[in-house]
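Single-structure report; data block below.
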Amino acid sequence: MPQSQNIDNTKDSPSTKKNYSAIRYGNEKGSISFGHIHKDATVTSGVMLQTPDAEHSISLDIDGEREGWTSIVQPGNFQVECGSANEEPEDSLILNAKNGNICITATNGKIRLQGTDIELIAIGDKGDRGNIKIDATENVLVECNKYLLNAKAMYRMCSPQRGEIISNGVMKMYGSIIRGVTDACSVKDSKVGGKRIVDQNKGG
């Protein structure tokens, strides 16, 4: 269970939880308790279900820094299965954070999303909202039959090193105006102002 850092859990500390009505039922295989106080003495569990393994428990906390939290901890796998009675178009599993972020982290493993279709939707009403960001320390690989991109205002592909556009079939390029500028314009400008474009894009 999450523990607080640098806390005073002595019996006279204001953060130390106390109760005189805690109840526990169980045996050597497991237990359920009501009013259990956590090891750091700062949080009370309204309901705690646990096995003899300290890392295998479900806790519904009711006060302290984790008031309203539900914590599930286990040393093995955590599995959820649902929707066997539903039809394909129905929403069978719903995770909704009314406020705040949803964090899915695999500390030492991969995250896989698999489905007949995958939809990523970002909704926002300002320039700093409604964005989808992909940040990879190495590669972003996309393999598909068709790759369609439609940018309503602008698109940009930029690399400080090598760039390639390859088509083994027919390549079509269309623009109301097409301008090609090389780094030679940094030494001597062209008639149509290529040096300005070089200065804007120098160094990526």
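Ligands are numbered from 1 in the order shown, chains are lettered A, B, ... in the order of the structure tokens, and residues start at 1 in each chain.
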Would you mind listing what lies within 9 Å of Val47 in chain A as a ChimeraX atom specification, with only C-alpha atoms counted and same-chain residues fewer than 2 positions away left out? /A:32-36,44-45,49,58-62
Run DSSP on the backbone and give me the residues of range 2-202 of chain A it puts in strand (DSSP E), as a list in words.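 For range 2-202 of chain A, the strand (DSSP E) set is Ile23, Arg24, Tyr25, Gly26, Asn27, Gly30, Ser31, Ile32, Ser33, Phe34, His36, Ile37, Thr44, Ser45, Gly46, Val47, Met48, Leu49, Gln50, Ser57, Ile58, Ser59, Leu60, Asp61, Thr70, Ser71, Ile72 and Val73 of chain A.
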Among the residues A:Ala54, A:Cys185, A:Cys158, A:Ile23, the one that comes closest to Gln74 in chain A [using only C-alpha atoms]: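 Distance minimum relative to Gln74 in chain A lands on A:Ala54.
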Distance criterion (only C-alpha atoms): nearest to Val43 in chain A out of A:Leu149, A:Gly115, A:Asp63, A:Gly26: A:Asp63
Write out as number ranges by chain which residues come within 12 Å of Val80 in chain A when counting only C-alpha atoms, dropping same-chain ones fewer than 6 positions away. A: 92-94
Could you please take those selected residues and save N, CA and C atoms as an mmCIF file, in the first residue's frame?
```cif
data_model
loop_
_atom_site.group_PDB
_atom_site.id
_atom_site.type_symbol
_atom_site.label_atom_id
_atom_site.label_comp_id
_atom_site.auth_asym_id
_atom_site.auth_seq_id
_atom_site.Cartn_x
_atom_site.Cartn_y
_atom_site.Cartn_z
ATOM 1 N N SER A 92 -18.220 -1.945 -23.375
ATOM 2 C CA SER A 92 -18.222 -2.952 -22.318
ATOM 3 C C SER A 92 -17.362 -2.556 -21.119
ATOM 4 N N LEU A 93 -16.275 -1.866 -21.333
ATOM 5 C CA LEU A 93 -15.391 -1.453 -20.246
ATOM 6 C C LEU A 93 -15.212 0.053 -20.328
ATOM 7 N N ILE A 94 -15.556 0.755 -19.264
ATOM 8 C CA ILE A 94 -15.507 2.216 -19.253
ATOM 9 C C ILE A 94 -14.615 2.672 -18.106
#
```
